[in-house]
$ cat upload_19.txt   # compact mmCIF, C-alpha atoms
# COMPACT_ATOMS: atom_id res chain seq x y z
CA MET A 37 48.85 -79.80 -8.92
CA GLY A 38 51.16 -77.54 -10.42
CA THR A 39 53.47 -75.65 -8.22
CA ASP A 40 54.99 -72.40 -9.29
CA PHE A 41 57.58 -70.80 -7.24
CA ILE A 42 57.33 -67.06 -6.82
CA LEU A 43 60.22 -65.54 -5.16
CA GLY A 44 61.11 -68.68 -3.41
CA ALA A 45 57.64 -69.22 -1.98
CA VAL A 46 55.21 -71.80 -3.03
CA ALA A 47 52.64 -70.24 -5.19
CA THR A 48 49.20 -70.74 -4.04
CA SER A 49 46.23 -68.90 -5.02
CA VAL A 50 46.10 -65.37 -3.67
CA LYS A 51 43.03 -64.51 -1.79
CA TRP A 52 42.31 -61.08 -3.00
CA GLY A 53 39.54 -60.47 -0.52
CA ASP A 54 41.78 -61.07 2.45
CA MET A 55 44.42 -58.89 0.94
CA LEU A 56 41.97 -56.11 0.35
CA PHE A 57 40.65 -56.46 3.91
CA TYR A 58 44.20 -56.30 5.30
CA LEU A 59 44.99 -53.31 3.13
CA VAL A 60 41.89 -51.42 4.31
CA LEU A 61 42.62 -52.42 7.88
CA PHE A 62 46.21 -51.18 7.51
CA ILE A 63 45.03 -47.83 6.07
CA VAL A 64 42.51 -47.45 8.90
CA LEU A 65 45.24 -48.29 11.42
CA ILE A 66 47.58 -45.69 9.87
CA ALA A 67 44.76 -43.10 9.92
CA LEU A 68 43.99 -43.89 13.55
CA LEU A 69 47.68 -43.71 14.48
CA LYS A 70 48.00 -40.39 12.64
CA HIS A 71 44.91 -39.00 14.30
CA PHE A 72 45.42 -40.28 17.85
CA ALA A 73 49.14 -40.97 18.21
CA TRP A 74 51.07 -38.95 15.61
CA GLY A 75 49.58 -35.57 16.59
CA PRO A 76 50.16 -35.98 20.32
CA VAL A 77 53.66 -37.39 19.74
CA ASN A 78 54.50 -34.48 17.43
CA GLU A 79 52.93 -32.05 19.89
CA MET A 80 54.92 -33.60 22.73
CA MET A 81 58.12 -33.41 20.66
CA ASP A 82 57.40 -29.74 19.78
CA LYS A 83 56.72 -28.93 23.44
CA ARG A 84 59.95 -30.68 24.39
CA ALA A 85 61.90 -28.76 21.74
CA ASN A 86 60.30 -25.47 22.87
CA LYS A 87 61.06 -26.26 26.51
CA ILE A 88 64.68 -27.03 25.68
CA ALA A 89 64.95 -23.83 23.62
CA ASN A 90 63.36 -21.82 26.46
CA ASP A 91 65.68 -23.43 29.00
CA ILE A 92 68.68 -22.53 26.85
CA ASP A 93 67.40 -18.95 26.48
CA SER A 94 66.73 -18.73 30.23
CA ALA A 95 70.19 -20.08 30.98
CA GLU A 96 71.71 -17.51 28.63
CA ASP A 97 69.67 -14.71 30.23
CA ALA A 98 70.67 -15.91 33.70
CA ARG A 99 74.33 -16.01 32.61
CA GLN A 100 74.11 -12.47 31.22
CA LYS A 101 72.40 -11.24 34.39
CA ALA A 102 75.07 -12.93 36.49
CA GLU A 103 77.79 -11.25 34.42
CA GLU A 104 76.05 -7.88 34.76
CA LEU A 105 75.67 -8.41 38.50
CA ALA A 106 79.33 -9.38 38.79
CA GLU A 107 80.31 -6.23 36.87
CA LYS A 108 78.06 -4.10 39.10
CA ARG A 109 79.57 -5.66 42.21
CA GLN A 110 83.07 -5.11 40.85
CA SER A 111 82.33 -1.47 40.05
CA ALA A 112 80.67 -1.01 43.47
CA LEU A 113 83.76 -2.51 45.09
CA LYS A 114 86.01 -0.14 43.14
CA GLU A 115 83.79 2.80 44.09
CA SER A 116 83.87 1.77 47.74
CA HIS A 117 87.68 1.59 47.60
CA VAL A 118 87.80 5.04 46.03
CA GLU A 119 85.33 6.37 48.61
CA ALA A 120 87.32 4.80 51.45
CA SER A 121 90.49 6.41 50.10
CA GLN A 122 88.73 9.77 49.92
CA ILE A 123 87.44 9.40 53.48
CA ILE A 124 90.94 8.55 54.71
CA GLU A 125 92.37 11.50 52.78
CA ARG A 126 89.77 13.87 54.26
CA ALA A 127 90.47 12.51 57.74
CA LYS A 128 94.19 13.11 57.23
CA LYS A 129 93.54 16.66 56.04
CA ASN A 130 91.20 17.34 58.98
CA GLY A 131 93.78 15.92 61.38
CA GLU A 132 96.49 18.07 59.84
CA GLN A 133 94.27 21.16 60.06
CA GLN A 134 93.43 20.45 63.69
CA LYS A 135 97.10 19.89 64.43
CA ASN A 136 97.97 23.22 62.82
CA ILE A 137 95.20 24.99 64.74
CA ILE A 138 96.37 23.46 68.03
CA VAL A 139 100.00 24.38 67.29
CA GLU A 140 99.01 27.94 66.33
CA ASN A 141 96.93 28.29 69.51
CA ALA A 142 99.82 26.94 71.58
CA HIS A 143 102.23 29.39 69.93
CA GLY A 144 99.77 32.22 70.54
CA GLU A 145 99.39 31.27 74.19
CA ALA A 146 103.17 30.93 74.57
CA GLN A 147 103.66 34.33 72.96
CA SER A 148 101.01 35.78 75.26
CA PHE A 149 102.73 34.22 78.29
CA LYS A 150 106.06 35.64 77.09
CA GLU A 151 104.59 39.10 76.68
CA THR A 152 102.94 38.90 80.10
CA ALA A 153 106.19 37.68 81.64
CA LYS A 154 108.15 40.45 79.94
CA GLN A 155 105.68 43.02 81.21
CA ASP A 156 105.85 41.53 84.71
CA ILE A 157 109.63 41.54 84.60
CA ALA A 158 109.72 45.14 83.38
CA ARG A 159 107.24 46.18 86.09
CA GLU A 160 109.24 44.34 88.79
CA ARG A 161 112.45 45.87 87.48
CA GLN A 162 110.88 49.31 87.49
CA ASP A 163 109.61 48.73 91.02
CA ALA A 164 113.07 47.53 92.09
CA LEU A 165 114.74 50.55 90.51
CA GLU A 166 112.28 52.87 92.21
CA GLY A 167 112.94 51.05 95.49
CA VAL A 168 116.69 51.41 95.04
CA LYS A 169 116.28 55.08 94.15
CA ASN A 170 114.23 55.59 97.28
CA ASP A 171 116.80 53.69 99.34
CA VAL A 172 119.67 55.66 97.81
CA ALA A 173 117.80 58.90 98.41
CA GLU A 174 117.10 57.96 102.03
CA LEU A 175 120.68 56.86 102.62
CA SER A 176 122.00 59.99 100.94
CA LEU A 177 119.82 62.07 103.21
CA GLU A 178 121.06 60.17 106.25
CA ILE A 179 124.65 60.56 105.18
CA ALA A 180 124.16 64.23 104.44
CA SER A 181 122.51 64.76 107.80
CA LYS A 182 125.31 62.92 109.57
CA VAL A 183 127.93 64.84 107.60
CA ILE A 184 126.28 68.10 108.45
CA SER A 185 125.87 67.19 112.10
CA LYS A 186 129.54 66.33 112.48
CA ASN A 187 132.58 67.61 111.04
CA LEU A 188 134.03 64.49 109.77
CA GLN A 189 137.59 63.54 109.66
CA LEU A 190 139.00 61.34 106.93
CA ASP A 191 138.69 58.22 109.05
CA ASP A 192 135.16 59.17 110.04
CA GLN A 193 134.20 59.65 106.37
CA LYS A 194 135.57 56.22 105.46
CA ALA A 195 133.66 54.63 108.33
CA LEU A 196 130.51 56.50 107.32
CA ILE A 197 130.80 55.30 103.69
CA ASP A 198 131.46 51.73 104.83
CA SER A 199 128.42 51.81 107.11
CA TYR A 200 126.37 53.29 104.23
CA ILE A 201 127.44 50.44 101.92
CA GLU A 202 126.63 47.83 104.59
CA GLY A 203 123.23 49.40 105.16
CA LEU A 204 122.53 49.34 101.42
CA GLY A 205 123.50 45.65 101.26
CA LYS A 206 121.24 44.80 104.24
CA GLN A 207 118.28 46.60 102.72
CA ASN A 208 118.70 44.72 99.41
CA GLU A 209 118.84 41.43 101.32
CA VAL A 210 115.60 42.21 103.15
CA LYS A 211 113.72 42.91 99.93

$ encode --input "upload_19.txt" --output "structure tokens"
Amino acid sequence: MGTDFILGAVATSVKWGDMLFYLVLFIVLIALLKHFAWGPVNEMMDKRANKIANDIDSAEDARQKAEELAEKRQSALKESHVEASQIIERAKKNGEQQKNIIVENAHGEAQSFKETAKQDIARERQDALEGVKNDVAELSLEIASKVISKNLQLDDQKALIDSYIEGLGKQNEVK
């Protein structure tokens, strides 16, 4: 028995039939793995990669939509502030216009009252003057009739004038 060492192993006779059987079996196993396992594993890995890529794209789209929505909200907020300022400004202008109208109406009414009062005063004054003229005319007639009916002396004339003045004062007090 001769022993040869091949690569540190004891050399024995190689059974080429077993080796060939194992080689064919290995090739069949690789073919079966490729057909049944490698395709589904690759398909699963491709699906997983596609899903991850789609999720990343969806996340990017969602982020862009969120940014657009935030910009729209910000612009809407600015527009609402501008609109609110315009509404306040219009309300101030309307209030100022109403104030001016009310003040003008009040001035007009006051002027009208003044004019009416002036007219009333002038009418009352005219009536008073006419009353005084009538009183003076009546008193003058009375004095003239008394003067004519008597020949008056100086003292009688003074007494007549004094009584005339007192009568005029009493008539003004009555009215």

$ atom_distance --input "upload_19.txt" --atom1 "atom CA of Ile179 of chain A" --atom2 "atom CA of Gln162 of chain A"
25.1 Å

$ atom_distance --input "upload_19.txt" --atom1 "atom CA of Ile123 of chain A" --atom2 "atom CA of Leu105 of chain A"
26.1 Å

$ atom_distance --input "upload_19.txt" --atom1 "atom CA of Gly205 of chain A" --atom2 "atom CA of Leu177 of chain A"
16.9 Å

$ build_atoms --input "upload_19.txt" --residues "segment 57-68 of chain A" --atoms "all heavy atoms" --output "short mmCIF file (atom, residue, chain, number, x, y, z; two decimals), keeping the file's coordinate frame"
data_model
loop_
_atom_site.label_atom_id
_atom_site.label_comp_id
_atom_site.auth_asym_id
_atom_site.auth_seq_id
_atom_site.Cartn_x
_atom_site.Cartn_y
_atom_site.Cartn_z
N PHE A 57 41.05 -56.69 2.54
CA PHE A 57 40.65 -56.46 3.91
C PHE A 57 41.86 -56.01 4.74
O PHE A 57 41.78 -55.05 5.50
CB PHE A 57 40.02 -57.73 4.50
CG PHE A 57 39.71 -57.62 5.96
CD1 PHE A 57 38.63 -56.85 6.39
CD2 PHE A 57 40.50 -58.24 6.92
CE1 PHE A 57 38.35 -56.75 7.73
CE2 PHE A 57 40.22 -58.13 8.26
CZ PHE A 57 39.12 -57.39 8.68
N TYR A 58 43.00 -56.68 4.55
CA TYR A 58 44.20 -56.30 5.30
C TYR A 58 44.71 -54.91 4.89
O TYR A 58 45.18 -54.13 5.71
CB TYR A 58 45.32 -57.32 5.11
CG TYR A 58 45.03 -58.64 5.79
CD1 TYR A 58 45.21 -59.85 5.11
CD2 TYR A 58 44.60 -58.68 7.11
CE1 TYR A 58 44.95 -61.06 5.72
CE2 TYR A 58 44.33 -59.90 7.71
CZ TYR A 58 44.51 -61.07 7.03
OH TYR A 58 44.25 -62.26 7.64
N LEU A 59 44.56 -54.61 3.62
CA LEU A 59 44.99 -53.31 3.13
C LEU A 59 44.11 -52.20 3.72
O LEU A 59 44.61 -51.18 4.18
CB LEU A 59 44.94 -53.27 1.60
CG LEU A 59 45.41 -51.98 0.96
CD1 LEU A 59 46.87 -51.71 1.27
CD2 LEU A 59 45.17 -52.00 -0.53
N VAL A 60 42.81 -52.40 3.75
CA VAL A 60 41.89 -51.42 4.31
C VAL A 60 42.16 -51.30 5.81
O VAL A 60 42.19 -50.20 6.37
CB VAL A 60 40.43 -51.80 4.01
CG1 VAL A 60 39.45 -50.94 4.79
CG2 VAL A 60 40.15 -51.70 2.54
N LEU A 61 42.33 -52.42 6.45
CA LEU A 61 42.62 -52.42 7.88
C LEU A 61 43.92 -51.67 8.18
O LEU A 61 44.01 -50.90 9.14
CB LEU A 61 42.69 -53.87 8.37
CG LEU A 61 42.73 -54.07 9.87
CD1 LEU A 61 41.47 -53.51 10.53
CD2 LEU A 61 42.89 -55.53 10.20
N PHE A 62 44.94 -51.87 7.33
CA PHE A 62 46.21 -51.18 7.51
C PHE A 62 46.03 -49.66 7.32
O PHE A 62 46.57 -48.87 8.08
CB PHE A 62 47.25 -51.74 6.51
CG PHE A 62 48.60 -51.12 6.65
CD1 PHE A 62 49.43 -51.39 7.74
CD2 PHE A 62 49.08 -50.22 5.68
CE1 PHE A 62 50.65 -50.80 7.86
CE2 PHE A 62 50.31 -49.63 5.80
CZ PHE A 62 51.11 -49.92 6.89
N ILE A 63 45.28 -49.25 6.34
CA ILE A 63 45.03 -47.83 6.07
C ILE A 63 44.27 -47.22 7.23
O ILE A 63 44.58 -46.10 7.69
CB ILE A 63 44.31 -47.63 4.73
CG1 ILE A 63 45.26 -47.98 3.58
CG2 ILE A 63 43.81 -46.21 4.57
CD1 ILE A 63 44.62 -47.99 2.20
N VAL A 64 43.28 -47.95 7.76
CA VAL A 64 42.51 -47.45 8.90
C VAL A 64 43.44 -47.33 10.11
O VAL A 64 43.40 -46.35 10.87
CB VAL A 64 41.30 -48.36 9.18
CG1 VAL A 64 40.66 -48.04 10.52
CG2 VAL A 64 40.28 -48.26 8.06
N LEU A 65 44.29 -48.31 10.29
CA LEU A 65 45.24 -48.29 11.42
C LEU A 65 46.19 -47.10 11.28
O LEU A 65 46.46 -46.41 12.26
CB LEU A 65 46.01 -49.60 11.47
CG LEU A 65 47.02 -49.72 12.61
CD1 LEU A 65 46.31 -49.70 13.96
CD2 LEU A 65 47.84 -50.97 12.46
N ILE A 66 46.70 -46.82 10.10
CA ILE A 66 47.58 -45.69 9.87
C ILE A 66 46.83 -44.39 10.15
O ILE A 66 47.36 -43.46 10.78
CB ILE A 66 48.12 -45.70 8.42
CG1 ILE A 66 49.04 -46.89 8.19
CG2 ILE A 66 48.84 -44.40 8.08
CD1 ILE A 66 50.37 -46.82 8.91
N ALA A 67 45.56 -44.31 9.69
CA ALA A 67 44.76 -43.10 9.92
C ALA A 67 44.53 -42.90 11.41
O ALA A 67 44.60 -41.77 11.93
CB ALA A 67 43.44 -43.18 9.15
N LEU A 68 44.21 -43.97 12.11
CA LEU A 68 43.99 -43.89 13.55
C LEU A 68 45.29 -43.48 14.27
O LEU A 68 45.28 -42.65 15.19
CB LEU A 68 43.47 -45.21 14.10
CG LEU A 68 42.01 -45.53 13.79
CD1 LEU A 68 41.67 -46.94 14.27
CD2 LEU A 68 41.09 -44.53 14.43
#
